[in-house]
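Trainee: My structure is below; once you've seen it, I'll send some questions.
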Amino acid sequence: MKALKTGRRRLALLTPALALFLIPFSTGTAGANTSPGWGDDKPDVIWDCNNGEADSCQYHEVNAWTELGKRREVGNPVYNCAGSADLGYDRIFRIDRTTEYSFSQTTGVEVKAGFSDVLEGGMSASVSQEEAWKAGTTVSASTTLRGTIKPGEAGGYWFAPYERNSQGWLEVHYGKRKHGHYHWYYPGQGSTGVHIKTPVTLPDGTIKGKWYWATWKC
């Protein structure tokens, strides 16, 4: 990002939304209603930060916590529906996870590497030697799982990653007035309209999480 320029400072707020929504990844376009930072009488601050169009963008963290995320099925189920004896299996299962970003509006935007660094720079750092988190990277977990499936049943594995959650807001500075102001706070100073969820990793770089096994009748 460019260095912050000096000059007259005017403050403005973008209207905060009441809820956060998980957004899919797609490319935003300046000047069109395709980015969560868009407004008729406001700059598209998300697009500007994402494309180096602002003089300075800074993420301010308000809340942060680590929690066990949702379980997701890993690989294909193992079936023994027509078998007459226990079916043994020995498989390597792998799961990939990456950072998820949500903003105050539902329309998607791809978070590029430079903007991801800005967001990560405002997140609280890991102080533990046993786990860490880094926004914008894809991390994996894999394990060899062995077991048996009884006749007439199927089984499968699920994995739930530990996730670092960060909520906060963006402070965006422009070298010249944009829609009448030099400074914009998105979606409002002190708000929690930006939400970052990034997988927690172990010292070896793999995802920290829990594996779950379940069986069911065919």
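Each chain in the structure tokens gets a letter, A, B, ..., in the order shown, and its residues are numbered from 1; ligands are numbered from 1 in order too.
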Which polymer residues have any atom within 7 Å of an atom of stretch 193-195 of chain A, counting only C-alpha atoms, with same-chain residues fewer than 2 positions away left out, as a ChimeraX atom specification?
Mentor: /A:16,20,101-104,166-169,187,191,197
Trainee: DSSP on the backbone: what in stretch 32-203 of chain A comes out helix (DSSP H, G or I), as an MDAnalysis selection string?
Mentor: chainID A and resid 45:50 113:122
Trainee: Write a file of the selected residues as a PDB file, in the first residue's frame, keeping C-alpha atoms.
Mentor:
ATOM      1  CA  VAL A  45     -13.350   0.999  -0.243  1.00  0.00           C
ATOM      2  CA  ILE A  46     -13.039  -2.785  -0.525  1.00  0.00           C
ATOM      3  CA  TRP A  47     -12.198  -2.583  -4.226  1.00  0.00           C
ATOM      4  CA  ASP A  48      -9.806   0.324  -3.610  1.00  0.00           C
ATOM      5  CA  CYS A  49      -7.943  -1.536  -0.844  1.00  0.00           C
ATOM      6  CA  ASN A  50      -7.919  -4.691  -2.938  1.00  0.00           C
ATOM      7  CA  ALA A 113      -2.588 -11.166  -1.603  1.00  0.00           C
ATOM      8  CA  GLY A 114      -1.770  -7.531  -0.793  1.00  0.00           C
ATOM      9  CA  PHE A 115      -5.139  -6.864   0.803  1.00  0.00           C
ATOM     10  CA  SER A 116      -4.922 -10.172   2.664  1.00  0.00           C
ATOM     11  CA  ASP A 117      -1.615  -8.956   4.152  1.00  0.00           C
ATOM     12  CA  VAL A 118      -3.344  -5.761   5.321  1.00  0.00           C
ATOM     13  CA  LEU A 119      -6.086  -7.749   7.030  1.00  0.00           C
ATOM     14  CA  GLU A 120      -3.626 -10.161   8.602  1.00  0.00           C
ATOM     15  CA  GLY A 121      -1.514  -7.232   9.822  1.00  0.00           C
ATOM     16  CA  GLY A 122      -4.390  -6.037  11.991  1.00  0.00           C
TER      17      GLY A 122
END
Trainee: Which of these residues is nearest to A:Ser124, using only C-alpha atoms: A:Ser84, A:Thr99, A:Thr137, A:Asn63?
Mentor: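 Nearest candidate to A:Ser124 out of A:Ser84, A:Thr99, A:Thr137, A:Asn63: A:Asn63.
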Trainee: With only C-alpha atoms as the atoms that count, which of A:Gln129, A:Ile196, A:Ala214, A:Ala54 lies nearest to A:Asn165?
Mentor: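 That would be A:Ile196, the residue with the smallest distance to A:Asn165.
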